[in-house]
$ cat coords.cif   # mmCIF, C-alpha atoms
data_data
#
loop_
_atom_site.label_atom_id
_atom_site.label_comp_id
_atom_site.auth_asym_id
_atom_site.auth_seq_id
_atom_site.Cartn_x
_atom_site.Cartn_y
_atom_site.Cartn_z
CA MET A 1190 14.16 -13.94 -0.52
CA LEU A 1191 15.89 -11.77 -3.07
CA ALA A 1192 18.77 -10.18 -1.22
CA LYS A 1193 21.47 -12.44 0.22
CA SER A 1194 24.27 -10.15 1.28
CA LEU A 1195 24.82 -6.74 2.80
CA ALA A 1196 24.84 -4.03 0.15
CA TRP A 1197 26.84 -0.82 0.39
CA TRP A 1198 24.72 1.85 2.02
CA VAL A 1199 24.89 5.44 3.12
CA PRO A 1200 24.87 5.42 6.94
CA VAL A 1201 21.89 7.05 8.60
CA LEU A 1202 21.78 8.69 12.01
CA LEU A 1203 20.88 6.06 14.60
CA LEU A 1204 17.95 6.69 16.86
CA GLY A 1205 20.11 6.31 19.96
CA ALA A 1206 21.77 9.60 19.11
CA TRP A 1207 18.52 11.53 18.98
CA CYS A 1208 17.65 13.97 21.72
CA GLY A 1209 14.62 12.90 23.73
CA VAL A 1210 12.09 10.30 22.66
CA ALA A 1211 11.16 10.18 19.00
CA HIS A 1212 7.70 9.46 17.70
CA ALA A 1213 5.96 9.67 14.34
CA VAL A 1214 6.33 13.17 12.99
CA PRO A 1215 3.12 15.03 12.09
CA THR A 1216 2.60 14.74 8.35
CA GLU A 1217 2.02 17.58 5.93
CA PRO A 1218 -1.79 17.89 5.41
CA MET A 1219 -1.43 17.89 1.62
CA ALA A 1220 0.17 14.45 1.76
CA HIS A 1221 -2.75 13.18 3.84
CA LEU A 1222 -5.25 14.52 1.30
CA VAL A 1223 -3.51 12.51 -1.42
CA TYR A 1224 -3.33 9.42 0.77
CA GLU A 1225 -7.06 9.71 1.50
CA LYS A 1226 -7.72 9.95 -2.27
CA ARG A 1227 -9.15 13.46 -1.94
CA HIS A 1228 -7.34 14.38 -5.12
CA GLY A 1229 -9.33 17.48 -6.00
CA GLU A 1230 -8.74 19.05 -2.59
CA ALA A 1231 -5.09 18.03 -2.69
CA ASN A 1232 -4.60 19.58 -6.11
CA ARG A 1233 -6.16 22.87 -5.04
CA ALA A 1234 -4.05 23.00 -1.86
CA ILE A 1235 -0.87 22.23 -3.81
CA GLU A 1236 -1.60 24.84 -6.48
CA ALA A 1237 -2.32 27.47 -3.83
CA ARG A 1238 0.93 26.73 -2.01
CA LEU A 1239 2.99 26.74 -5.22
CA ALA A 1240 1.39 30.02 -6.29
CA ARG A 1241 2.90 31.57 -3.17
CA ASN A 1242 6.24 29.76 -3.48
CA ALA A 1243 7.02 27.89 -6.70
CA THR A 1244 9.64 25.71 -4.98
CA ASP A 1245 7.82 24.96 -1.72
CA PRO A 1246 9.22 21.52 -0.76
CA ALA A 1247 6.07 20.20 0.93
CA ALA A 1248 3.92 21.20 -2.05
CA LEU A 1249 6.30 19.70 -4.60
CA ALA A 1250 6.57 16.47 -2.60
CA ALA A 1251 2.77 16.27 -2.37
CA LEU A 1252 2.56 16.95 -6.11
CA VAL A 1253 4.76 13.90 -6.67
CA ASP A 1254 2.42 11.82 -4.50
CA LEU A 1255 -0.59 13.12 -6.41
CA ARG A 1256 0.89 12.36 -9.82
CA ILE A 1257 1.80 8.83 -8.72
CA ALA A 1258 -1.68 8.28 -7.25
CA GLN A 1259 -3.38 9.46 -10.45
CA GLY A 1260 -1.32 6.98 -12.45
CA GLY A 1261 -2.03 8.24 -15.98
CA LEU A 1262 0.36 7.71 -18.90
CA ASP A 1263 1.88 11.16 -18.47
CA ASP A 1264 1.74 11.32 -14.68
CA LEU A 1265 4.88 9.36 -13.81
CA PRO A 1266 7.27 11.49 -15.93
CA LEU A 1267 5.62 14.58 -14.43
CA ALA A 1268 6.06 13.11 -10.94
CA ARG A 1269 9.76 12.57 -11.53
CA ALA A 1270 10.15 16.07 -12.98
CA ALA A 1271 8.49 17.57 -9.89
CA ALA A 1272 10.72 15.50 -7.61
CA GLU A 1273 13.87 16.55 -9.44
CA ARG A 1274 12.74 20.16 -9.25
CA CYS A 1275 12.22 19.75 -5.50
CA VAL A 1276 15.69 18.22 -5.00
CA ALA A 1277 17.36 20.90 -7.12
CA ALA A 1278 15.76 23.67 -5.07
CA HIS A 1279 16.25 21.92 -1.70
CA PRO A 1280 19.20 19.49 -1.92
CA ASP A 1281 19.14 18.83 1.85
CA SER A 1282 15.37 18.27 2.13
CA SER A 1283 14.18 14.88 3.36
CA PRO A 1284 10.70 15.21 1.76
CA CYS A 1285 12.30 16.10 -1.59
CA ALA A 1286 14.73 13.18 -1.47
CA GLU A 1287 11.90 10.84 -0.49
CA ALA A 1288 9.73 12.22 -3.31
CA LEU A 1289 12.46 11.38 -5.80
CA GLY A 1290 12.70 7.85 -4.40
CA ASN A 1291 8.92 7.47 -4.69
CA ALA A 1292 8.90 8.73 -8.29
CA LEU A 1293 11.72 6.38 -9.28
CA THR A 1294 9.98 3.47 -7.56
CA ALA A 1295 6.74 4.18 -9.42
CA GLN A 1296 8.57 4.36 -12.75
CA SER A 1297 10.39 1.11 -11.96
CA ASN A 1298 7.13 -0.67 -11.09
CA ALA A 1299 5.55 0.54 -14.33
CA GLY A 1300 8.57 -0.13 -16.53
CA GLY A 1301 9.41 -3.72 -15.63
CA VAL A 1302 12.78 -5.41 -15.13
CA LEU A 1303 14.87 -3.03 -17.20
CA ALA A 1304 13.48 0.05 -15.47
CA ARG A 1305 14.09 -1.54 -12.07
CA ALA A 1306 17.71 -2.26 -12.94
CA ARG A 1307 18.24 1.22 -14.39
CA ASN A 1308 16.71 3.04 -11.41
CA ALA A 1309 17.79 0.78 -8.54
CA ARG A 1310 20.81 2.58 -7.17
CA ALA A 1311 19.32 6.03 -7.66
CA THR A 1312 16.19 4.89 -5.79
CA ARG A 1313 18.21 3.51 -2.90
CA ASP A 1314 20.36 6.64 -2.72
CA ALA A 1315 17.29 8.90 -2.67
CA PHE A 1316 15.66 7.07 0.25
CA GLU A 1317 18.96 6.89 2.15
CA ARG A 1318 19.44 10.64 1.74
CA ALA A 1319 15.89 11.21 2.97
CA LEU A 1320 16.71 9.31 6.16
CA ARG A 1321 20.08 10.97 6.60
CA PHE A 1322 18.45 14.41 6.40
CA ASP A 1323 15.59 13.37 8.75
CA PRO A 1324 15.80 10.06 10.66
CA LEU A 1325 12.18 10.65 11.80
CA ASN A 1326 10.88 10.32 8.24
CA TYR A 1327 9.08 7.04 8.89
CA ARG A 1328 7.62 6.65 5.41
CA ALA A 1329 11.07 6.93 3.85
CA ARG A 1330 12.33 4.35 6.36
CA VAL A 1331 9.64 1.84 5.38
CA SER A 1332 10.13 2.58 1.68
CA LEU A 1333 13.87 2.00 1.99
CA MET A 1334 13.24 -1.29 3.79
CA ARG A 1335 10.89 -2.36 1.00
CA PHE A 1336 13.64 -1.54 -1.50
CA TYR A 1337 16.16 -3.65 0.41
CA LEU A 1338 13.74 -6.60 0.57
CA ASP A 1339 12.53 -6.42 -3.04
CA THR A 1340 15.82 -5.75 -4.83
CA PRO A 1341 18.56 -8.28 -5.72
CA PHE A 1342 21.77 -7.76 -3.77
CA PHE A 1343 23.75 -6.92 -6.92
CA LEU A 1344 21.45 -3.92 -7.43
CA GLY A 1345 21.67 -2.75 -3.82
CA GLY A 1346 19.21 -4.97 -1.97
CA SER A 1347 20.01 -6.37 1.47
CA GLU A 1348 17.93 -8.39 3.89
CA VAL A 1349 20.49 -7.64 6.60
CA ARG A 1350 20.15 -3.90 6.12
CA ALA A 1351 16.34 -4.22 6.08
CA ARG A 1352 16.41 -5.84 9.50
CA GLU A 1353 18.82 -3.17 10.76
CA LEU A 1354 16.43 -0.43 9.68
CA ALA A 1355 13.71 -2.06 11.77
CA THR A 1356 15.97 -2.53 14.78
CA GLU A 1357 17.06 1.11 14.75
CA THR A 1358 13.51 2.18 15.64
CA ARG A 1359 12.97 -0.39 18.41
CA ARG A 1360 13.50 1.87 21.43
CA THR A 1361 11.78 5.03 20.25
CA ASP A 1362 9.17 3.78 17.76
CA PRO A 1363 8.30 0.22 18.82
CA ASP A 1364 5.11 0.03 16.77
CA LEU A 1365 6.91 1.03 13.59
CA THR A 1366 9.49 -1.63 14.43
CA ARG A 1367 6.71 -4.21 14.73
CA LEU A 1368 5.42 -3.34 11.26
CA MET A 1369 8.89 -3.53 9.76
CA ARG A 1370 9.69 -6.81 11.51
CA ALA A 1371 6.40 -8.21 10.24
CA MET A 1372 7.40 -7.27 6.70
CA CYS A 1373 10.83 -8.88 7.12
CA ALA A 1374 9.28 -12.04 8.58
CA PHE A 1375 6.84 -12.27 5.69
CA ASP A 1376 9.69 -11.87 3.20
CA GLU A 1377 11.43 -14.79 4.91
CA GLY A 1378 8.31 -16.94 4.69
CA LYS A 1379 7.72 -16.85 8.46
CA LEU A 1380 4.01 -16.17 8.27
CA GLY A 1381 3.31 -16.90 11.93
CA ASP A 1382 5.93 -14.40 13.06
CA ALA A 1383 4.66 -11.83 10.56
CA GLU A 1384 1.12 -12.21 11.92
CA GLU A 1385 2.30 -11.91 15.52
CA HIS A 1386 4.26 -8.72 14.82
CA ILE A 1387 1.59 -6.98 12.73
CA LEU A 1388 -1.19 -7.71 15.23
CA ALA A 1389 0.93 -6.24 18.02
CA ALA A 1390 1.53 -2.99 16.09
CA ASP A 1391 -0.58 0.11 16.74
CA LEU A 1392 -0.03 2.24 13.64
CA LYS A 1393 -2.58 5.00 14.16
CA ALA A 1394 0.25 7.55 14.45
CA TYR A 1395 1.83 6.36 11.19
CA GLY A 1396 -0.88 7.19 8.68
CA LEU A 1397 1.22 7.18 5.53
CA VAL A 1398 2.40 3.58 5.96
CA GLN A 1399 -1.01 2.09 6.68
CA ASP A 1400 -1.01 0.71 3.12
CA SER A 1401 1.79 -1.61 4.24
CA GLN A 1402 -0.31 -2.74 7.21
CA ARG A 1403 -3.32 -3.32 4.94
CA GLU A 1404 -1.35 -5.29 2.35
CA LEU A 1405 0.23 -7.53 4.96
CA LEU A 1406 -3.01 -8.27 6.82
CA LEU A 1407 -4.77 -8.86 3.49
CA THR A 1408 -2.09 -11.26 2.28
CA LEU A 1409 -1.99 -13.21 5.54
CA ALA A 1410 -5.79 -13.44 5.74
CA THR A 1411 -5.99 -14.59 2.12
CA ALA A 1412 -3.36 -17.27 2.76
CA HIS A 1413 -5.50 -18.63 5.61
CA LEU A 1414 -8.59 -18.55 3.38
CA ASP A 1415 -6.86 -20.38 0.54
CA ALA A 1416 -5.74 -23.06 3.00
CA GLY A 1417 -9.28 -23.48 4.35
CA ARG A 1418 -8.45 -21.99 7.74
CA HIS A 1419 -11.65 -19.97 7.86
CA ALA A 1420 -11.58 -18.95 11.51
CA GLN A 1421 -8.05 -17.54 11.24
CA SER A 1422 -8.88 -15.80 7.98
CA SER A 1423 -12.04 -14.26 9.41
CA ARG A 1424 -10.12 -13.03 12.46
CA LEU A 1425 -7.56 -11.19 10.31
CA PHE A 1426 -10.13 -9.73 7.92
CA HIS A 1427 -12.08 -8.51 10.95
CA GLU A 1428 -8.90 -6.97 12.34
CA LEU A 1429 -8.34 -5.26 8.98
CA SER A 1430 -11.87 -3.82 9.14
CA LEU A 1431 -11.30 -2.48 12.65
CA ARG A 1432 -7.90 -0.96 11.94
CA LEU A 1433 -8.68 0.47 8.51
CA PRO A 1434 -12.43 1.15 8.35
CA SER A 1435 -11.97 3.28 5.24
CA SER A 1436 -10.69 0.24 3.31
CA GLU A 1437 -13.08 -2.05 1.48
CA HIS A 1438 -10.74 -5.02 1.84
CA GLY A 1439 -11.88 -5.97 5.35
CA PRO A 1440 -15.58 -6.48 4.58
CA TYR A 1441 -14.76 -7.89 1.16
CA GLY A 1442 -12.54 -10.52 2.77
CA LEU A 1443 -15.20 -11.34 5.34
CA ALA A 1444 -17.62 -11.83 2.45
CA LEU A 1445 -15.24 -14.32 0.82
CA VAL A 1446 -14.99 -16.28 4.07
CA ALA A 1447 -18.79 -16.29 4.46
CA ARG A 1448 -19.25 -17.47 0.86
CA ALA A 1449 -16.69 -20.25 1.34
CA GLN A 1450 -18.71 -21.42 4.36
CA GLY A 1451 -22.04 -21.24 2.50
CA ARG A 1452 -23.36 -18.26 4.46
CA LEU A 1453 -24.55 -16.39 1.38
CA LEU A 1454 -26.79 -13.80 3.03
CA GLU A 1455 -23.91 -12.73 5.26
CA ALA A 1456 -21.66 -12.57 2.20
CA VAL A 1457 -24.16 -10.25 0.50
CA ALA A 1458 -24.26 -7.96 3.54
CA GLN A 1459 -20.47 -7.72 3.69
CA LEU A 1460 -20.17 -7.12 -0.06
CA GLU A 1461 -22.73 -4.32 0.11
CA LYS A 1462 -20.74 -2.80 2.97
CA ALA A 1463 -17.55 -3.04 0.90
CA ALA A 1464 -19.24 -1.45 -2.11
CA ALA A 1465 -20.50 1.41 0.06
CA ILE A 1466 -16.89 2.14 1.02
CA ALA A 1467 -15.46 1.78 -2.48
CA PRO A 1468 -17.71 0.80 -5.41
CA ARG A 1469 -15.06 -1.30 -7.16
CA PRO A 1470 -16.00 -3.51 -10.14
CA TYR A 1471 -14.46 -6.62 -8.55
CA ILE A 1472 -16.80 -6.23 -5.56
CA TYR A 1473 -19.87 -6.10 -7.82
CA LYS A 1474 -18.58 -9.10 -9.79
CA THR A 1475 -18.40 -11.15 -6.60
CA LEU A 1476 -21.77 -9.79 -5.48
CA GLY A 1477 -23.27 -10.92 -8.77
CA GLU A 1478 -21.84 -14.41 -8.28
CA VAL A 1479 -23.29 -14.64 -4.77
CA HIS A 1480 -26.72 -13.43 -5.90
CA GLU A 1481 -26.59 -15.93 -8.74
CA ALA A 1482 -25.76 -18.71 -6.27
CA ARG A 1483 -28.81 -17.60 -4.27
CA HIS A 1484 -30.93 -17.75 -7.46
CA ASP A 1485 -31.71 -14.04 -7.18
CA ARG A 1486 -31.72 -13.28 -10.89
CA GLN A 1487 -32.58 -9.56 -10.81
CA ARG A 1488 -30.03 -8.66 -8.19
CA ALA A 1489 -27.36 -10.73 -9.95
CA ILE A 1490 -28.05 -8.88 -13.22
CA ALA A 1491 -27.83 -5.49 -11.49
CA ALA A 1492 -24.56 -6.42 -9.80
CA TYR A 1493 -22.98 -7.70 -13.02
CA GLN A 1494 -24.05 -4.56 -14.88
CA ALA A 1495 -22.43 -2.45 -12.16
CA ALA A 1496 -19.26 -4.54 -12.47
CA LEU A 1497 -19.04 -3.90 -16.22
CA ALA A 1498 -19.70 -0.17 -15.78
CA GLY A 1499 -17.23 0.34 -12.95
CA VAL A 1500 -13.90 2.17 -12.88
CA PRO A 1501 -11.16 1.08 -13.11
CA PRO A 1502 -12.45 -1.58 -15.50
CA LEU A 1503 -12.13 -5.28 -14.87
CA ALA A 1504 -9.40 -7.19 -16.65
CA ARG A 1505 -10.41 -8.41 -20.09
CA ARG A 1506 -10.79 -12.03 -18.97
CA GLU A 1507 -13.01 -11.01 -16.04
CA GLN A 1508 -15.10 -8.78 -18.30
CA ALA A 1509 -15.69 -11.77 -20.56
CA GLN A 1510 -16.72 -13.90 -17.58
CA VAL A 1511 -19.16 -11.28 -16.30
CA THR A 1512 -20.59 -10.73 -19.80
CA ALA A 1513 -21.17 -14.47 -20.21
CA HIS A 1514 -22.96 -14.70 -16.85
CA LEU A 1515 -25.04 -11.63 -17.68
CA THR A 1516 -26.05 -13.00 -21.08
CA GLN A 1517 -27.18 -16.27 -19.57
CA LEU A 1518 -29.23 -14.53 -16.88
CA GLU A 1519 -30.91 -12.15 -19.34
CA ARG A 1520 -31.99 -15.08 -21.54
CA ARG A 1521 -33.89 -16.77 -18.72
#

$ encode --input "coords.cif" --output "structure tokens"
Amino acid sequence: MLAKSLAWWVPVLLLGAWCGVAHAVPTEPMAHLVYEKRHGEANRAIEARLARNATDPAALAALVDLRIAQGGLDDLPLARAAAERCVAAHPDSSPCAEALGNALTAQSNAGGVLARARNARATRDAFERALRFDPLNYRARVSLMRFYLDTPFFLGGSEVRARELATETRRTDPDLTRLMRAMCAFDEGKLGDAEEHILAADLKAYGLVQDSQRELLLTLATAHLDAGRHAQSSRLFHELSLRLPSSEHGPYGLALVARAQGRLLEAVAQLEKAAAIAPRPYIYKTLGEVHEARHDRQRAIAAYQAALAGVPPLARREQAQVTAHLTQLERR
């Protein structure tokens, strides 16, 4: 737990003061295209919108998301530049303020400890402004809570404020509250409470924070697997598959459970399902290992070759492991 005291913060409008009942606000379609990794479509939609209005806030905010998602060497500075352009043109815009917070967060994550320290207060201020301008901006709310949980108190972090952010949504957005409470419980090491909260949350209306749901379910399921609690792990990986069918992590996790229990044919089926969703090199590496354990030489070779050819590439150590396995198999 990194934050130990309440940091100074810009007050946000409490939900109790809102008129009527608040729910997740419909999200700009361009942002959804980026989230769904339809980058070509997103880029065309953004360019078309900016051609009509060079300072369109939704388009500039989506451009920031796109640059961050692409993750090239030059993308993060361009993301920050687009966010600053958005804020300069629309100083009271919640999407623009959130975009700046997202760009700063991405640069901090890429730049290490010094970048985190340099950007911390500006990141917090950006997300707080986003919420002040629009308390219904649920992605900014979750991002701000993540900041409070992940940042030392002397840089603006606060576990107390993180819990307050979750509580503020309890009456009007109970499912968002459940997600946020699950994240707080996990940060406190209360894995049982985190599991209870996340399983009770229905986040279909909160598309742009489903990554947080996926990461939490994945981490909890993996913890069960590492501890040998296969039934609990399988249950959470199955839940991940049901809730996020477009994610490969559910079937991949079920494959790991099946392999740990010696059910290799089932592991193969789940890995092939995962690869059909997202042909990631790490999936083919595991598939090669399972085929090798089944003494299926040809399929193991094909899987290892796919692992080495995949994008993004495996880490250097994993590439060496796969190459060694492949060399041994080809010599037989």

$ residues_around --input "coords.cif" --residues "Ile1387 of chain A" --least-positions-apart "5" --cutoff "12 Å" --atoms "only C-alpha atoms" --output "ChimeraX atom specification"
/A:1363-1375,1380-1382,1392,1399,1401-1409,1425,1428-1429,1432

$ resolve_selection --input "coords.cif" --expression "the PyMOL selection byres ((chain A and resi 1240-1251) around 12)" --output "count of residues only"
53

$ residues_near_point --input "coords.cif" --point "(-18.7, 1.6, 6.0)" --cutoff "10 Å" --atoms "only C-alpha atoms" --output "ChimeraX atom specification"
/A:1430,1434-1437,1440,1459,1461-1467

$ closest_residue --input "coords.cif" --among "A:Ala1489, A:Leu1338, A:Ala1390, A:Val1500" --to "Glu1519 of chain A" --atoms "all atoms listed in the file"
A:Ala1489

$ resolve_selection --input "coords.cif" --expression "the PyMOL selection byres ((chain A and resi 1422) around 8)" --output "PyMOL selection string"
chain A and resi 1409-1414+1418-1421+1423-1426+1446

$ resolve_selection --input "coords.cif" --expression "the PyMOL selection byres ((chain A and resi 1352) around 8)" --output "VMD selection string"
chain A and resid 1334 1348 to 1351 1353 to 1356 1369 to 1370 1373

$ residues_near_point --input "coords.cif" --point "(-17.0, -12.3, 6.0)" --cutoff "9 Å" --atoms "all atoms listed in the file" --output "PyMOL selection string"
chain A and resi 1423+1426-1427+1439-1448+1452+1455-1456+1458-1460

$ atom_distance --input "coords.cif" --atom1 "atom CA of Tyr1471 of chain A" --atom2 "atom CA of Gly1451 of chain A"
19.8 Å

$ atom_distance --input "coords.cif" --atom1 "atom CA of Phe1316 of chain A" --atom2 "atom CA of Ala1329 of chain A"
5.8 Å

$ atom_distance --input "coords.cif" --atom1 "atom CA of Asp1376 of chain A" --atom2 "atom CA of Val1331 of chain A"
13.9 Å
